[in-house]
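> So that you have it, the file is query.cif, and it contains mmCIF, C-alpha atoms:
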```
data_query
#
loop_
_atom_site.group_PDB
_atom_site.id
_atom_site.type_symbol
_atom_site.label_atom_id
_atom_site.label_comp_id
_atom_site.auth_asym_id
_atom_site.auth_seq_id
_atom_site.Cartn_x
_atom_site.Cartn_y
_atom_site.Cartn_z
ATOM 1 C CA LEU F 1 0.000 0.000 0.000
ATOM 2 C CA LEU F 2 1.322 3.375 -0.985
ATOM 3 C CA PRO F 3 0.130 6.508 0.835
ATOM 4 C CA LEU F 4 -1.316 9.288 -1.315
ATOM 5 C CA GLY F 5 -1.974 12.138 1.104
ATOM 6 C CA ASP F 6 -4.651 10.879 3.498
ATOM 7 C CA THR F 7 -5.611 8.148 1.014
ATOM 8 C CA LEU F 8 -4.102 4.665 0.777
ATOM 9 C CA ARG F 9 -3.436 3.321 -2.696
ATOM 10 C CA SER F 10 -2.935 -0.306 -3.724
ATOM 11 C CA ARG F 11 -2.508 -2.174 -7.004
ATOM 12 C CA ILE F 12 -4.807 -5.194 -7.405
ATOM 13 C CA GLU F 13 -4.190 -7.812 -10.097
ATOM 14 C CA THR F 14 -6.209 -10.863 -11.112
ATOM 15 C CA THR F 15 -5.195 -13.362 -13.799
ATOM 16 C CA PHE F 16 -7.533 -15.749 -15.634
ATOM 17 C CA GLY F 17 -6.624 -18.498 -18.077
ATOM 18 C CA LEU F 18 -8.469 -18.084 -21.370
ATOM 19 C CA SER F 19 -9.302 -21.780 -21.422
ATOM 20 C CA ASP F 20 -10.071 -24.592 -18.985
ATOM 21 C CA ASN F 21 -7.125 -26.429 -20.558
ATOM 22 C CA ALA F 22 -4.099 -26.139 -18.230
ATOM 23 C CA GLU F 23 -1.786 -26.306 -21.252
ATOM 24 C CA GLU F 24 -3.381 -23.188 -22.784
ATOM 25 C CA LEU F 25 -0.780 -20.596 -23.714
ATOM 26 C CA ASN F 26 -2.886 -17.474 -23.214
ATOM 27 C CA ARG F 27 -4.172 -15.709 -20.125
ATOM 28 C CA ILE F 28 -5.792 -12.396 -19.324
ATOM 29 C CA ARG F 29 -4.524 -10.058 -16.580
ATOM 30 C CA VAL F 30 -6.844 -7.477 -15.004
ATOM 31 C CA ALA F 31 -5.127 -4.768 -12.950
ATOM 32 C CA LEU F 32 -6.531 -1.742 -11.168
ATOM 33 C CA THR F 33 -5.374 0.812 -8.661
ATOM 34 C CA ALA F 34 -7.660 1.151 -5.646
ATOM 35 C CA LEU F 35 -7.896 4.275 -3.533
ATOM 36 C CA TRP F 36 -9.009 3.898 0.070
ATOM 37 C CA SER F 37 -10.153 6.894 2.032
ATOM 38 C CA GLU F 38 -13.665 6.713 3.476
ATOM 39 C CA GLU F 39 -14.678 4.176 0.833
ATOM 40 C CA PHE F 40 -13.257 2.195 -2.072
ATOM 41 C CA LYS F 41 -12.647 3.981 -5.386
ATOM 42 C CA ILE F 42 -10.926 2.911 -8.580
ATOM 43 C CA ALA F 43 -8.161 5.390 -9.423
ATOM 44 C CA SER F 44 -7.915 7.141 -12.749
ATOM 45 C CA PRO F 45 -5.215 7.529 -13.918
ATOM 46 C CA PRO F 46 -3.921 4.893 -14.016
ATOM 47 C CA PRO F 47 -7.058 3.238 -15.315
ATOM 48 C CA VAL F 48 -8.031 -0.386 -15.084
ATOM 49 C CA THR F 49 -5.947 -2.413 -17.527
ATOM 50 C CA VAL F 50 -6.958 -5.636 -19.248
ATOM 51 C CA VAL F 51 -4.053 -7.348 -21.019
ATOM 52 C CA THR F 52 -3.866 -10.604 -22.938
ATOM 53 C CA GLU F 53 -0.611 -12.439 -22.256
ATOM 54 C CA ARG F 54 0.872 -15.300 -24.236
ATOM 55 C CA ARG F 55 3.409 -17.772 -22.907
ATOM 56 C CA THR F 56 6.402 -17.710 -25.248
ATOM 57 C CA SER F 57 8.359 -20.569 -23.705
ATOM 58 C CA SER F 58 7.840 -23.451 -21.309
ATOM 59 C CA GLU F 59 10.884 -22.178 -19.392
ATOM 60 C CA SER F 60 10.727 -18.975 -17.373
ATOM 61 C CA SER F 61 13.065 -16.110 -18.217
ATOM 62 C CA SER F 62 12.742 -14.987 -14.568
ATOM 63 C CA GLY F 63 12.014 -11.491 -15.830
ATOM 64 C CA THR F 64 15.255 -11.167 -17.794
ATOM 65 C CA ILE F 65 13.785 -11.315 -21.316
ATOM 66 C CA ALA F 66 14.565 -7.614 -21.860
ATOM 67 C CA ASP F 67 18.130 -7.746 -20.493
ATOM 68 C CA GLY F 68 20.936 -6.955 -22.865
ATOM 69 C CA GLY F 69 19.506 -4.052 -24.816
ATOM 70 C CA GLY F 70 15.775 -4.074 -24.228
ATOM 71 C CA LEU F 71 13.006 -5.232 -26.468
ATOM 72 C CA ASP F 72 13.512 -4.094 -30.050
ATOM 73 C CA GLY F 73 10.750 -4.295 -32.676
ATOM 74 C CA ARG F 74 11.976 -7.598 -34.090
ATOM 75 C CA THR F 75 12.060 -9.281 -30.673
ATOM 76 C CA VAL F 76 8.590 -8.006 -29.776
ATOM 77 C CA THR F 77 7.213 -9.189 -33.136
ATOM 78 C CA THR F 78 8.738 -12.630 -32.544
ATOM 79 C CA LEU F 79 7.308 -12.835 -29.011
ATOM 80 C CA ILE F 80 3.834 -11.786 -30.128
ATOM 81 C CA GLY F 81 3.805 -14.419 -32.833
ATOM 82 C CA LYS F 82 2.410 -14.291 -36.351
ATOM 83 C CA GLU F 83 -1.110 -15.310 -35.295
ATOM 84 C CA LEU F 84 -1.516 -12.279 -33.001
ATOM 85 C CA GLN F 85 0.072 -9.592 -35.173
ATOM 86 C CA ARG F 86 -2.375 -6.925 -36.329
ATOM 87 C CA GLU F 87 -5.144 -8.471 -34.226
ATOM 88 C CA PRO F 88 -7.228 -6.339 -31.851
ATOM 89 C CA PHE F 89 -7.280 -7.274 -28.182
ATOM 90 C CA THR F 90 -10.820 -8.558 -28.574
ATOM 91 C CA LYS F 91 -13.496 -8.447 -31.235
ATOM 92 C CA GLN F 92 -16.234 -8.469 -28.606
ATOM 93 C CA SER F 93 -17.922 -5.493 -27.031
ATOM 94 C CA PRO F 94 -17.937 -5.287 -23.233
ATOM 95 C CA LEU F 95 -20.727 -7.225 -21.533
ATOM 96 C CA ASP F 96 -23.788 -5.422 -20.198
ATOM 97 C CA ALA F 97 -25.712 -5.677 -16.922
ATOM 98 C CA SER F 98 -27.943 -8.486 -18.245
ATOM 99 C CA VAL F 99 -25.129 -11.001 -17.615
ATOM 100 C CA LEU F 100 -25.443 -10.430 -13.858
ATOM 101 C CA LYS F 101 -29.073 -11.604 -13.765
ATOM 102 C CA GLY F 102 -30.261 -15.120 -13.076
ATOM 103 C CA SER F 103 -29.313 -17.771 -10.557
ATOM 104 C CA TRP F 104 -25.744 -19.016 -10.522
ATOM 105 C CA GLN F 105 -24.523 -22.262 -8.974
ATOM 106 C CA CYS F 106 -20.977 -23.059 -7.899
ATOM 107 C CA ILE F 107 -19.571 -25.917 -10.016
ATOM 108 C CA GLN F 108 -15.852 -25.764 -9.179
ATOM 109 C CA GLU F 109 -14.467 -24.508 -5.923
ATOM 110 C CA SER F 110 -11.024 -23.354 -4.945
ATOM 111 C CA GLN F 111 -10.075 -22.042 -1.504
ATOM 112 C CA VAL F 112 -13.714 -21.591 -0.466
ATOM 113 C CA ASP F 113 -16.199 -23.939 1.206
ATOM 114 C CA GLU F 114 -19.459 -22.231 0.277
ATOM 115 C CA PRO F 115 -19.184 -19.133 -1.898
ATOM 116 C CA PRO F 116 -21.462 -16.402 -0.583
ATOM 117 C CA PRO F 117 -23.863 -14.808 -3.075
ATOM 118 C CA LEU F 118 -22.573 -11.864 -5.048
ATOM 119 C CA CYS F 119 -23.428 -8.454 -3.694
ATOM 120 C CA ASP F 120 -26.749 -7.236 -5.067
ATOM 121 C CA ASP F 121 -27.987 -3.930 -3.703
ATOM 122 C CA GLY F 122 -25.829 -0.864 -3.858
ATOM 123 C CA SER F 123 -22.954 -2.483 -5.684
ATOM 124 C CA SER F 124 -21.107 -0.841 -8.552
ATOM 125 C CA GLU F 125 -20.080 -2.640 -11.727
ATOM 126 C CA LEU F 126 -17.469 -1.924 -14.337
ATOM 127 C CA PHE F 127 -17.855 -3.841 -17.625
ATOM 128 C CA LEU F 128 -14.586 -4.366 -19.520
ATOM 129 C CA PRO F 129 -13.460 -5.972 -22.781
ATOM 130 C CA GLY F 130 -12.495 -9.627 -22.627
ATOM 131 C CA ASN F 131 -15.757 -10.556 -20.830
ATOM 132 C CA ILE F 132 -14.480 -9.095 -17.557
ATOM 133 C CA VAL F 133 -16.734 -7.519 -14.918
ATOM 134 C CA ILE F 134 -15.478 -5.797 -11.768
ATOM 135 C CA ARG F 135 -18.143 -5.544 -9.068
ATOM 136 C CA TYR F 136 -17.598 -3.868 -5.711
ATOM 137 C CA LYS F 137 -19.524 -2.667 -2.696
ATOM 138 C CA THR F 138 -18.491 -0.908 0.482
ATOM 139 C CA GLU F 139 -20.490 -2.866 3.066
ATOM 140 C CA SER F 140 -19.641 -0.776 6.105
ATOM 141 C CA SER F 141 -17.548 2.268 6.803
ATOM 142 C CA SER F 142 -14.344 0.288 6.376
ATOM 143 C CA ARG F 143 -15.191 -3.099 4.734
ATOM 144 C CA THR F 144 -15.313 -3.509 0.941
ATOM 145 C CA LYS F 145 -16.113 -6.595 -1.132
ATOM 146 C CA LEU F 146 -14.423 -6.751 -4.558
ATOM 147 C CA ASP F 147 -15.307 -9.372 -7.185
ATOM 148 C CA VAL F 148 -13.418 -9.705 -10.464
ATOM 149 C CA MET F 149 -15.323 -12.005 -12.821
ATOM 150 C CA GLN F 150 -14.505 -13.525 -16.181
ATOM 151 C CA TYR F 151 -17.478 -14.728 -18.217
ATOM 152 C CA VAL F 152 -16.978 -17.786 -20.409
ATOM 153 C CA GLY F 153 -19.791 -17.557 -22.921
ATOM 154 C CA THR F 154 -23.139 -16.661 -21.371
ATOM 155 C CA THR F 155 -23.601 -19.546 -18.944
ATOM 156 C CA LYS F 156 -20.317 -19.806 -17.020
ATOM 157 C CA ARG F 157 -18.186 -17.376 -15.026
ATOM 158 C CA ARG F 158 -15.058 -17.470 -12.891
ATOM 159 C CA VAL F 159 -15.161 -15.341 -9.748
ATOM 160 C CA VAL F 160 -12.251 -14.051 -7.657
ATOM 161 C CA ARG F 161 -13.357 -12.318 -4.446
ATOM 162 C CA ARG F 162 -11.377 -10.202 -2.032
ATOM 163 C CA PHE F 163 -12.430 -8.422 1.149
ATOM 164 C CA TYR F 164 -10.695 -5.263 2.324
ATOM 165 C CA GLU F 165 -10.843 -3.352 5.581
ATOM 166 C CA ASP F 166 -9.224 0.044 5.881
ATOM 167 C CA GLY F 167 -7.399 -0.572 2.600
ATOM 168 C CA LYS F 168 -5.895 -3.933 3.600
ATOM 169 C CA MET F 169 -6.961 -7.332 2.305
ATOM 170 C CA VAL F 170 -8.493 -9.525 5.009
ATOM 171 C CA ASP F 171 -9.382 -13.212 5.199
ATOM 172 C CA GLY F 172 -6.026 -14.310 3.767
ATOM 173 C CA LEU F 173 -5.887 -15.182 0.078
ATOM 174 C CA PRO F 174 -8.553 -14.194 -2.448
ATOM 175 C CA LYS F 175 -11.400 -16.712 -2.734
ATOM 176 C CA SER F 176 -12.122 -18.150 -6.177
ATOM 177 C CA TRP F 177 -14.683 -20.424 -7.768
ATOM 178 C CA THR F 178 -16.479 -21.183 -11.028
ATOM 179 C CA GLU F 179 -20.248 -20.754 -11.428
ATOM 180 C CA GLU F 180 -22.796 -21.904 -13.985
ATOM 181 C CA LEU F 181 -26.086 -20.219 -14.855
ATOM 182 C CA ILE F 182 -28.960 -22.481 -13.829
ATOM 183 C CA GLU F 183 -31.917 -20.342 -14.990
#
```
Is it possible to express this structure as structure tokens?

Amino acid sequence: LLPLGDTLRSRIETTFGLSDNAEELNRIRVALTALWSEEFKIASPPPVTVVTERRTSSESSSGTIADGGGLDGRTVTTLIGKELQREPFTKQSPLDASVLKGSWQCIQESQVDEPPPLCDDGSSELFLPGNIVIRYKTESSSRTKLDVMQYVGTTKRRVVRRFYEDGKMVDGLPKSWTEELIE
């Protein structure tokens, strides 16, 4: 957490695989800067970023891929790969509020026994490209619930939930699970 006057600031990142296949080479990273004063706010600038990442090797470079002169145009073009050159991030428009409706059932759990229902009344949503929805609600003067969701089609979504109090994450690690639309 970085202080910004009387406001705390923190960077929050969530990564989703673009496929249920563990061998999939692509993932999507959602990052935002949160401001905590009396309640949660998403900072702008920097805005929320949604980035598609592609694994270029089965061996990690340990962050040294740019050592020895940086990333020149040829290296970047090689890392992107021919199939992704000149392609937009996504051809889809952001989702709308209709995707939040209906009854959802947990079908795959991770780090959570019984996922609580998503916040309904008074929550704020931010709909992003890549089928990403950020939903948050300040539940009390100092407690905020933050859900980052990735929709897979129209009947499945992956949810990563974090709780914050006074700008600090509580309850240990983020909770995550997969849900399926049952209505």
> For atom CA of F:Arg135 and atom CA of F:Asp147, determine how far apart the two atoms are, in Å to one decimal place.
5.1 Å
> If I take atom CA of F:Leu35 and atom CA of F:Thr178, how far is one from the other in Å, to one decimal?
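Computing the Euclidean distance for atom CA of F:Leu35 and atom CA of F:Thr178 yields 27.9 Å.
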> Which one is closest to F:Lys156: F:Leu126, F:Asp171, F:Gly102, F:Arg143? Count only C-alpha atoms.
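Smallest distance to F:Lys156 is found for F:Gly102.
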> Please determine, counting all atoms listed in the file, which residue among F:Phe40, F:Thr138, F:Arg162, F:Asn131 has the shortest atom-to-atom distance to F:Glu13.
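Result for the nearest residue to F:Glu13: F:Arg162.
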> For atom CA of F:Asp96 and atom CA of F:Phe127, determine how far apart the two atoms are, in Å to one decimal place.
6.7 Å
> Please provide as a ChimeraX atom specification all residues within 10 Å of F:Met169, with the sequence filter that same-chain residues fewer than 4 positions apart are discarded (counting all atoms listed in the file).
/F:143-145,162-165,173-174
> Need to verify the contact set: F:Ala34, 9 Å, only C-alpha atoms, exclusion of same-chain residues closer than 4 positions in sequence. Can you return it as a PDB file with C-alpha atoms, in the frame of the given file?

```
ATOM      1  CA  LEU F   8      -4.102   4.665   0.777  1.00  0.00           C
ATOM      2  CA  ARG F   9      -3.436   3.321  -2.696  1.00  0.00           C
ATOM      3  CA  SER F  10      -2.935  -0.306  -3.724  1.00  0.00           C
ATOM      4  CA  ARG F  11      -2.508  -2.174  -7.004  1.00  0.00           C
ATOM      5  CA  ILE F  12      -4.807  -5.194  -7.405  1.00  0.00           C
ATOM      6  CA  PHE F  40     -13.257   2.195  -2.072  1.00  0.00           C
ATOM      7  CA  LYS F  41     -12.647   3.981  -5.386  1.00  0.00           C
ATOM      8  CA  ILE F  42     -10.926   2.911  -8.580  1.00  0.00           C
ATOM      9  CA  ALA F  43      -8.161   5.390  -9.423  1.00  0.00           C
ATOM     10  CA  GLY F 167      -7.399  -0.572   2.600  1.00  0.00           C
TER      11      GLY F 167
END
```
